[in-house]
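Colleague: So here's protein.txt (compact mmCIF, C-alpha atoms).
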# COMPACT_ATOMS: atom_id res chain seq x y z
CA MET P 1 -1.29 -10.23 19.47
CA SER P 2 -1.65 -7.69 16.66
CA THR P 3 0.10 -6.41 13.56
CA LEU P 4 0.60 -2.64 13.58
CA ILE P 5 -0.18 -0.97 10.25
CA CYS P 6 1.48 2.46 10.15
CA GLY P 7 0.37 4.36 7.06
CA SER P 8 -2.24 6.52 5.43
CA ILE P 9 -6.00 6.55 5.52
CA ALA P 10 -7.36 8.36 2.49
CA PHE P 11 -10.33 8.93 0.24
CA ASP P 12 -9.85 8.21 -3.47
CA ASN P 13 -12.08 10.42 -5.63
CA ILE P 14 -12.10 8.82 -9.09
CA MET P 15 -13.55 10.59 -12.12
CA VAL P 16 -13.88 9.51 -15.76
CA PHE P 17 -13.52 11.97 -18.66
CA HIS P 18 -15.35 10.63 -21.71
CA ASP P 19 -12.77 11.91 -24.19
CA ARG P 20 -8.99 12.11 -24.55
CA PHE P 21 -6.86 14.72 -22.78
CA LYS P 22 -4.78 15.15 -25.95
CA ASN P 23 -7.82 16.52 -27.79
CA HIS P 24 -8.12 19.39 -25.30
CA ILE P 25 -4.53 20.26 -24.44
CA LEU P 26 -2.79 22.31 -27.12
CA PRO P 27 0.98 21.67 -27.01
CA GLU P 28 1.81 25.19 -28.22
CA GLN P 29 -0.29 26.65 -25.37
CA ILE P 30 1.05 24.47 -22.55
CA HIS P 31 2.68 27.51 -20.90
CA ILE P 32 -0.76 29.07 -20.33
CA LEU P 33 -2.67 25.89 -19.61
CA ASN P 34 -6.25 26.53 -18.50
CA VAL P 35 -8.58 23.62 -19.20
CA ALA P 36 -11.64 22.04 -17.64
CA PHE P 37 -12.85 18.48 -18.11
CA LEU P 38 -16.49 17.48 -17.71
CA VAL P 39 -16.55 14.26 -15.65
CA PRO P 40 -20.08 12.81 -15.55
CA GLU P 41 -18.81 9.72 -13.70
CA MET P 42 -17.40 10.00 -10.21
CA ARG P 43 -17.05 7.67 -7.28
CA ARG P 44 -15.42 7.93 -3.89
CA GLU P 45 -13.54 4.93 -2.55
CA PHE P 46 -12.14 4.18 0.88
CA GLY P 47 -8.39 3.90 0.49
CA GLY P 48 -4.98 4.77 1.85
CA CYS P 49 -2.27 2.16 2.33
CA ALA P 50 -2.98 1.50 6.01
CA GLY P 51 -6.71 1.19 5.38
CA ASN P 52 -6.22 -1.16 2.43
CA ILE P 53 -3.60 -3.37 4.10
CA ALA P 54 -5.64 -3.68 7.29
CA TYR P 55 -8.79 -4.49 5.31
CA ASN P 56 -7.04 -7.37 3.51
CA LEU P 57 -5.28 -8.65 6.61
CA LYS P 58 -8.64 -8.83 8.39
CA LEU P 59 -9.99 -10.93 5.51
CA LEU P 60 -7.12 -13.35 6.15
CA GLY P 61 -8.08 -13.65 9.81
CA GLY P 62 -5.31 -11.41 11.12
CA GLU P 63 -5.53 -8.81 13.88
CA PRO P 64 -4.48 -5.54 12.24
CA MET P 65 -4.14 -2.40 14.32
CA ILE P 66 -4.20 0.79 12.24
CA MET P 67 -2.02 3.74 13.22
CA ALA P 68 -2.97 6.76 11.12
CA THR P 69 -4.24 10.33 11.15
CA VAL P 70 -7.50 11.63 9.68
CA GLY P 71 -9.26 14.97 9.38
CA ASP P 72 -12.60 16.51 10.31
CA ASP P 73 -14.26 14.84 7.31
CA ALA P 74 -13.44 11.25 8.34
CA ASP P 75 -16.79 10.23 9.89
CA ALA P 76 -17.81 7.89 7.06
CA TYR P 77 -14.43 6.15 7.12
CA LEU P 78 -14.47 5.77 10.90
CA VAL P 79 -17.96 4.25 10.78
CA ARG P 80 -16.68 1.84 8.12
CA LEU P 81 -13.79 0.76 10.35
CA ASP P 82 -16.29 0.05 13.13
CA ASP P 83 -18.49 -1.96 10.77
CA LEU P 84 -15.49 -4.01 9.61
CA GLY P 85 -14.36 -4.71 13.17
CA LEU P 86 -11.13 -2.78 12.67
CA SER P 87 -10.00 -0.92 15.76
CA ARG P 88 -9.58 2.83 15.43
CA ALA P 89 -8.06 3.23 18.88
CA HIS P 90 -4.90 4.61 17.26
CA VAL P 91 -6.49 6.55 14.43
CA ARG P 92 -5.93 10.16 15.48
CA ARG P 93 -8.23 12.94 14.29
CA ILE P 94 -6.46 16.20 13.46
CA ALA P 95 -8.80 19.16 13.97
CA GLY P 96 -8.90 21.75 11.21
CA SER P 97 -7.61 19.42 8.52
CA PHE P 98 -8.95 17.18 5.77
CA THR P 99 -8.33 13.46 5.55
CA ALA P 100 -5.73 12.70 2.87
CA GLN P 101 -7.38 12.60 -0.54
CA ALA P 102 -6.51 11.72 -4.11
CA PHE P 103 -8.42 13.28 -7.01
CA ILE P 104 -7.91 11.12 -10.07
CA THR P 105 -9.27 11.90 -13.54
CA THR P 106 -8.92 9.18 -16.20
CA ASP P 107 -9.53 9.62 -19.93
CA LEU P 108 -10.53 7.06 -22.58
CA ASP P 109 -6.88 6.11 -23.16
CA ASP P 110 -6.45 5.38 -19.43
CA ASN P 111 -4.22 8.43 -19.03
CA GLN P 112 -4.55 9.92 -15.58
CA ILE P 113 -4.25 13.36 -14.02
CA THR P 114 -3.97 13.08 -10.25
CA ALA P 115 -3.87 15.65 -7.48
CA PHE P 116 -3.07 14.46 -3.96
CA HIS P 117 -3.76 16.42 -0.79
CA PRO P 118 -1.92 14.90 2.23
CA GLY P 119 -3.97 16.79 4.82
CA ALA P 120 -3.95 15.08 8.21
CA MET P 121 -1.33 12.59 7.00
CA THR P 122 1.26 15.34 7.55
CA TYR P 123 0.73 14.93 11.30
CA SER P 124 1.27 11.16 11.46
CA HIS P 125 4.40 11.66 13.58
CA LEU P 126 2.12 12.54 16.51
CA ASN P 127 1.25 8.84 16.82
CA ARG P 128 3.63 6.72 18.91
CA VAL P 129 4.27 3.01 18.59
CA ALA P 130 4.79 2.77 22.35
CA ASP P 131 1.10 3.57 22.84
CA VAL P 132 0.03 0.29 21.19
CA PRO P 133 0.25 -2.82 23.41
CA LYS P 134 0.92 -6.42 22.35
CA VAL P 135 2.30 -5.71 18.88
CA THR P 136 4.35 -8.56 17.40
CA LEU P 137 4.84 -7.31 13.82
CA GLY P 138 4.59 -3.99 12.03
CA ILE P 139 4.74 -2.27 8.68
CA VAL P 140 5.78 1.28 7.83
CA ALA P 141 3.74 2.05 4.72
CA PRO P 142 3.46 5.37 2.82
CA ASP P 143 2.52 8.17 5.20
CA GLY P 144 3.76 11.59 6.25
CA ARG P 145 7.54 11.84 5.94
CA ASP P 146 8.15 12.61 9.62
CA GLY P 147 5.76 9.87 10.67
CA MET P 148 7.53 7.23 8.59
CA LEU P 149 10.90 8.16 10.11
CA GLN P 150 9.42 8.23 13.62
CA HIS P 151 7.58 4.93 13.38
CA ALA P 152 10.56 3.05 11.92
CA HIS P 153 12.73 4.18 14.83
CA ASP P 154 9.96 3.42 17.35
CA LEU P 155 9.45 -0.12 16.04
CA ALA P 156 13.17 -0.86 15.98
CA GLN P 157 13.66 0.55 19.48
CA ALA P 158 10.81 -1.59 20.77
CA GLY P 159 12.32 -4.70 19.17
CA ILE P 160 9.27 -5.22 16.95
CA PRO P 161 10.13 -6.71 13.55
CA PHE P 162 8.68 -4.66 10.69
CA VAL P 163 8.36 -4.29 6.94
CA PHE P 164 9.64 -1.09 5.33
CA ASP P 165 7.26 -0.28 2.47
CA PRO P 166 7.82 3.30 1.25
CA GLY P 167 5.82 3.00 -1.97
CA GLN P 168 5.15 6.34 -3.61
CA GLY P 169 6.76 8.03 -0.60
CA LEU P 170 10.23 6.73 -1.51
CA PRO P 171 11.32 9.92 -3.38
CA MET P 172 10.89 11.92 -0.15
CA PHE P 173 14.02 10.31 1.31
CA SER P 174 17.72 10.67 0.60
CA GLY P 175 20.03 7.73 0.05
CA ASP P 176 21.30 7.94 3.63
CA GLU P 177 17.77 8.01 5.01
CA LEU P 178 16.78 5.01 2.91
CA MET P 179 19.82 3.09 4.18
CA SER P 180 18.77 3.96 7.72
CA PHE P 181 15.31 2.50 7.06
CA ILE P 182 16.86 -0.65 5.58
CA ARG P 183 19.11 -1.16 8.60
CA LEU P 184 16.27 -0.62 11.06
CA ALA P 185 13.81 -2.90 9.26
CA ASP P 186 13.69 -6.68 9.13
CA TYR P 187 11.92 -6.82 5.76
CA ALA P 188 11.40 -4.42 2.86
CA CYS P 189 9.04 -4.41 -0.10
CA PHE P 190 9.15 -2.40 -3.34
CA ASN P 191 7.76 -2.57 -6.83
CA ASP P 192 10.20 -2.87 -9.73
CA TYR P 193 10.47 0.87 -10.34
CA GLU P 194 10.90 1.66 -6.65
CA ALA P 195 13.62 -1.00 -6.36
CA LYS P 196 15.57 0.63 -9.20
CA LEU P 197 15.15 4.06 -7.59
CA LEU P 198 16.27 2.62 -4.24
CA CYS P 199 19.46 1.26 -5.80
CA ASP P 200 20.09 4.59 -7.55
CA ARG P 201 19.55 6.64 -4.38
CA THR P 202 21.67 4.41 -2.13
CA GLY P 203 24.36 3.52 -4.68
CA ARG P 204 24.03 -0.15 -3.72
CA SER P 205 22.89 -3.22 -5.60
CA LEU P 206 19.70 -5.06 -4.75
CA GLU P 207 21.76 -8.04 -3.61
CA HIS P 208 23.78 -5.86 -1.24
CA LEU P 209 20.61 -4.32 0.19
CA ALA P 210 19.03 -7.75 0.61
CA GLY P 211 22.01 -8.71 2.75
CA GLU P 212 20.94 -6.07 5.29
CA LEU P 213 17.50 -7.68 5.71
CA GLU P 214 15.83 -10.97 6.47
CA ALA P 215 13.98 -10.58 3.18
CA LEU P 216 13.71 -8.03 0.38
CA ILE P 217 10.63 -8.37 -1.81
CA VAL P 218 10.24 -6.88 -5.31
CA THR P 219 6.85 -7.03 -7.05
CA LEU P 220 6.85 -7.22 -10.84
CA GLY P 221 3.18 -6.73 -11.72
CA GLY P 222 2.05 -9.38 -14.19
CA GLU P 223 5.47 -11.03 -14.01
CA GLY P 224 5.01 -12.08 -10.39
CA SER P 225 7.49 -11.15 -7.65
CA LEU P 226 10.93 -11.94 -6.29
CA ILE P 227 11.84 -12.59 -2.67
CA HIS P 228 15.52 -12.28 -1.77
CA ALA P 229 16.07 -14.11 1.52
CA ASN P 230 18.86 -16.11 3.15
CA GLY P 231 21.11 -15.69 0.12
CA ARG P 232 18.47 -17.19 -2.19
CA ARG P 233 16.15 -15.70 -4.77
CA HIS P 234 12.61 -17.08 -4.66
CA GLU P 235 10.61 -16.54 -7.86
CA ILE P 236 6.90 -16.20 -7.09
CA PRO P 237 4.59 -16.55 -10.12
CA CYS P 238 1.71 -14.22 -10.82
CA VAL P 239 -1.67 -15.75 -10.01
CA GLN P 240 -4.25 -15.63 -12.78
CA ALA P 241 -7.12 -13.32 -11.83
CA ASP P 242 -10.76 -13.98 -12.68
CA ALA P 243 -10.74 -10.57 -14.39
CA VAL P 244 -8.49 -7.53 -14.58
CA VAL P 245 -10.71 -4.67 -13.47
CA ASP P 246 -8.68 -2.21 -11.39
CA PRO P 247 -5.08 -2.42 -10.08
CA THR P 248 -5.75 0.15 -7.33
CA GLY P 249 -4.74 -1.37 -4.00
CA CYS P 250 -3.22 -4.56 -5.44
CA GLY P 251 0.12 -3.81 -3.82
CA ASP P 252 -1.57 -3.35 -0.47
CA ALA P 253 -3.42 -6.65 -0.84
CA TYR P 254 -0.09 -8.34 -1.67
CA ARG P 255 1.46 -6.88 1.47
CA SER P 256 -1.33 -8.26 3.62
CA GLY P 257 -0.34 -11.73 2.43
CA LEU P 258 3.27 -11.02 3.34
CA LEU P 259 2.32 -9.90 6.83
CA HIS P 260 0.03 -12.87 7.42
CA GLY P 261 2.66 -15.37 6.28
CA ILE P 262 5.47 -13.74 8.24
CA ALA P 263 3.35 -13.69 11.41
CA ALA P 264 2.53 -17.38 10.88
CA GLY P 265 6.21 -18.29 10.44
CA TRP P 266 5.74 -19.73 6.94
CA ASP P 267 8.57 -20.37 4.47
CA TRP P 268 9.10 -17.68 1.84
CA GLU P 269 7.64 -19.64 -1.06
CA LYS P 270 4.34 -19.99 0.77
CA VAL P 271 4.40 -16.39 2.00
CA GLY P 272 4.91 -15.09 -1.53
CA ARG P 273 2.22 -17.32 -2.97
CA LEU P 274 -0.40 -16.11 -0.50
CA ALA P 275 0.59 -12.52 -1.27
CA ALA P 276 0.16 -13.21 -5.00
CA VAL P 277 -3.26 -14.76 -4.39
CA MET P 278 -4.43 -11.68 -2.48
CA GLY P 279 -3.30 -9.40 -5.31
CA ALA P 280 -5.15 -11.54 -7.87
CA ILE P 281 -8.38 -11.46 -5.84
CA LYS P 282 -8.19 -7.68 -5.45
CA ILE P 283 -7.50 -6.84 -9.11
CA ALA P 284 -10.84 -8.36 -10.13
CA HIS P 285 -12.70 -5.61 -8.22
CA ARG P 286 -12.93 -1.84 -8.38
CA GLY P 287 -11.25 0.18 -5.64
CA GLY P 288 -9.02 -1.00 -2.84
CA GLN P 289 -11.65 -2.40 -0.45
CA ASN P 290 -14.59 -3.78 -2.42
CA HIS P 291 -13.57 -7.45 -2.64
CA ARG P 292 -15.06 -9.67 0.07
CA PRO P 293 -13.64 -13.20 -0.15
CA SER P 294 -14.01 -15.54 2.82
CA ARG P 295 -11.01 -17.46 4.10
CA SER P 296 -12.33 -20.51 2.28
CA ASP P 297 -12.55 -18.47 -0.96
CA ILE P 298 -8.91 -17.43 -0.50
CA ALA P 299 -7.89 -21.03 0.19
CA GLU P 300 -9.72 -22.19 -2.94
CA CYS P 301 -7.94 -19.58 -5.08
CA PHE P 302 -4.61 -20.67 -3.55
CA ASN P 303 -5.42 -24.31 -4.32
CA ARG P 304 -6.34 -23.56 -7.94
CA ALA P 305 -3.05 -21.75 -8.45
CA PHE P 306 -0.69 -24.02 -6.53
CA GLY P 307 -2.41 -27.35 -5.95
CA THR P 308 -2.46 -27.08 -2.17
CA THR P 309 -4.17 -25.02 0.52
CA PRO P 310 -2.51 -22.43 2.76
CA TRP P 311 -4.21 -23.58 5.99
Once more with this new file: its structure as structure tokens, please.

Modeller:
Amino acid sequence: MSTLICGSIAFDNIMVFHDRFKNHILPEQIHILNVAFLVPEMRREFGGCAGNIAYNLKLLGGEPMIMATVGDDADAYLVRLDDLGLSRAHVRRIAGSFTAQAFITTDLDDNQITAFHPGAMTYSHLNRVADVPKVTLGIVAPDGRDGMLQHAHDLAQAGIPFVFDPGQGLPMFSGDELMSFIRLADYACFNDYEAKLLCDRTGRSLEHLAGELEALIVTLGGEGSLIHANGRRHEIPCVQADAVVDPTGCGDAYRSGLLHGIAAGWDWEKVGRLAAVMGAIKIAHRGGQNHRPSRSDIAECFNRAFGTTPW
């Protein structure tokens, strides 16, 4: 039995500018902005929410099934999926397109200028949940707008419980559309900013929205996370990381812990704690998929933080 991960596969192109943007952008000339930044450092990371979540869920011993769209340039990513033992049976290649890509330039003050090209992600609605057998749990993560709407309806119609996780895609949807997602889903997960935007768009309080779901999870960065479930509010502490290197993909690692715990039928305290552990392990490494803990490493980290083991 597998967990269906509906979301993006993307390349993250990360560049470092060895100066400060403010030294090269003249405020009085902003209306005719034309600047170039020399970036001697550049790396390309495997990313995208579906790729990152599936990677982490596989580390936990889960059986993730990725549903995503990629472009003509996806060969390296597809080979990686094969090497990791992640099925690409439902990763659709869209001819004549690029795989979704982020181009991120960071300066010495950690300011970022990012350009994102959705590419093949725009065609994610061509994938159908009904084509994937033996799915017992799903997640609708950031993806093409039409695909997110389609996959939420498909999962609900099939009676498959799922997590609604709009992430940076949340602004694409109106209040009515967000309420439709909430009513179709069994669980929903947001960061603190997204939760505030959700309440603003829908005109409803977080407590009211939580009443529509089995659980509503809000991540708070270094402050931990909150899980609203069964009329209770579970406060999940942040787990101390070995080092704080790169937050990229931490939210996806957290969500893998949620999915693993939900699939295992754990109580919400334990689910949230495993999610926090996965985020802490990830943040100590660059990129979204460069950490390689074994299940025993994960259990040891859990034990150090909470005095018990998850399995």

Colleague: May I have the centre and edge lengths, in Å to one decimal, of an axis-aligned box around the listed atoms of range 231-244 of chain P with 6 Å added to every side, as JSON?

Modeller:
{"center_x": 5.2, "center_y": -12.4, "center_z": -7.2, "size_x": 43.9, "size_y": 21.7, "size_z": 26.7}

Colleague: Select, from P:Glu214, P:Gln157, P:Glu194, P:Glu223, the residue with the minimum atom-to-atom distance to Trp268 in chain P, counting all atoms listed in the file.

Modeller: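 Result for the nearest residue to Trp268 in chain P: P:Glu214.
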
Colleague: List as CSV every residue of range 98-190 of chain P that is in contact with range 72-77 of chain P, defined as an atom at most 10 Å from one of its atoms (using all atoms listed in the file), together with the nearest atom pair and the distance in Å rounded to one decimal, sorted by chain and then rising number.

Modeller:
residue,atom,partner,partner_atom,distance
P:Phe98,CA,P:Asp72,CA,5.9
P:Thr99,CA,P:Ala74,CA,6.2
P:Ala100,CA,P:Ala74,CA,9.6
P:Ala120,CA,P:Asp72,CA,9.0

Colleague: Taking 3 positions as the minimum chain separation for residues in the same chain, which residues sit within 9 Å of range 52-57 of chain P when counting all atoms listed in the file? Answer as a PDB file with C-alpha atoms, in the frame of the given file.

Modeller:
ATOM      1  CA  THR P   3       0.100  -6.410  13.560  1.00  0.00           C
ATOM      2  CA  LEU P   4       0.600  -2.640  13.580  1.00  0.00           C
ATOM      3  CA  ILE P   5      -0.180  -0.970  10.250  1.00  0.00           C
ATOM      4  CA  ILE P   9      -6.000   6.550   5.520  1.00  0.00           C
ATOM      5  CA  PHE P  46     -12.140   4.180   0.880  1.00  0.00           C
ATOM      6  CA  GLY P  47      -8.390   3.900   0.490  1.00  0.00           C
ATOM      7  CA  GLY P  48      -4.980   4.770   1.850  1.00  0.00           C
ATOM      8  CA  CYS P  49      -2.270   2.160   2.330  1.00  0.00           C
ATOM      9  CA  LEU P  60      -7.120 -13.350   6.150  1.00  0.00           C
ATOM     10  CA  GLY P  61      -8.080 -13.650   9.810  1.00  0.00           C
ATOM     11  CA  GLY P  62      -5.310 -11.410  11.120  1.00  0.00           C
ATOM     12  CA  GLU P  63      -5.530  -8.810  13.880  1.00  0.00           C
ATOM     13  CA  PRO P  64      -4.480  -5.540  12.240  1.00  0.00           C
ATOM     14  CA  MET P  65      -4.140  -2.400  14.320  1.00  0.00           C
ATOM     15  CA  ILE P  66      -4.200   0.790  12.240  1.00  0.00           C
ATOM     16  CA  LEU P  81     -13.790   0.760  10.350  1.00  0.00           C
ATOM     17  CA  LEU P  84     -15.490  -4.010   9.610  1.00  0.00           C
ATOM     18  CA  LEU P  86     -11.130  -2.780  12.670  1.00  0.00           C
ATOM     19  CA  GLY P 249      -4.740  -1.370  -4.000  1.00  0.00           C
ATOM     20  CA  GLY P 251       0.120  -3.810  -3.820  1.00  0.00           C
ATOM     21  CA  ASP P 252      -1.570  -3.350  -0.470  1.00  0.00           C
ATOM     22  CA  ALA P 253      -3.420  -6.650  -0.840  1.00  0.00           C
ATOM     23  CA  TYR P 254      -0.090  -8.340  -1.670  1.00  0.00           C
ATOM     24  CA  ARG P 255       1.460  -6.880   1.470  1.00  0.00           C
ATOM     25  CA  SER P 256      -1.330  -8.260   3.620  1.00  0.00           C
ATOM     26  CA  GLY P 257      -0.340 -11.730   2.430  1.00  0.00           C
ATOM     27  CA  LEU P 259       2.320  -9.900   6.830  1.00  0.00           C
ATOM     28  CA  HIS P 260       0.030 -12.870   7.420  1.00  0.00           C
ATOM     29  CA  MET P 278      -4.430 -11.680  -2.480  1.00  0.00           C
ATOM     30  CA  GLY P 288      -9.020  -1.000  -2.840  1.00  0.00           C
ATOM     31  CA  GLN P 289     -11.650  -2.400  -0.450  1.00  0.00           C
ATOM     32  CA  HIS P 291     -13.570  -7.450  -2.640  1.00  0.00           C
TER      33      HIS P 291
END

Colleague: In terms of the shortest atom-to-atom distance over only C-alpha atoms, which of P:Ala229, P:Leu178, P:Ala115, P:Cys6 is closest to Ala141 in chain P?

Modeller: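 Distance minimum relative to Ala141 in chain P lands on P:Cys6.
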
Colleague: Counting all atoms listed in the file, find the residues whose atoms lie at most 8 Å from (10.1, -12.8, 2.9) (file coordinates) and write them out as a ChimeraX atom specification.

Modeller: /P:187,214-217,227-229,258,262,267-268,271-272

Colleague: In terms of the shortest atom-to-atom distance over all atoms listed in the file, which of P:Ser124, P:Ser296, P:Gln240, P:Thr136 is closest to Thr69 in chain P?

Modeller: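 Comparing P:Ser124, P:Ser296, P:Gln240, P:Thr136 against Thr69 in chain P, the winner is P:Ser124.
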
Colleague: I need the residue nearest His90 in chain P from this list: P:Gly7, P:Thr122, P:Glu28, P:Ala188. Use all atoms listed in the file for the distance.

Modeller: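 With all atoms listed in the file as the atom set, the closest residue is P:Gly7.
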
Colleague: Please provide as a PyMOL selection string all residues within 8 Å of Val218 in chain P, with the sequence filter that same-chain residues fewer than 6 positions apart are discarded (counting all atoms listed in the file).

Modeller: chain P and resi 189-192+195+225-227

Colleague: My list of candidates is P:Val163, P:Ala10, P:Met67, P:Cys250. Which is closest to Arg183 in chain P when distances are computed with only C-alpha atoms?

Modeller: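 Nearest candidate to Arg183 in chain P out of P:Val163, P:Ala10, P:Met67, P:Cys250: P:Val163.
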
Colleague: List the residues sitting within 10 Å of (-0.8, -10.6, -9.7) in the file's frame, using only C-alpha atoms, as a ChimeraX atom specification.

Modeller: /P:219-225,236-241,244,247,250-251,254,273,275-283
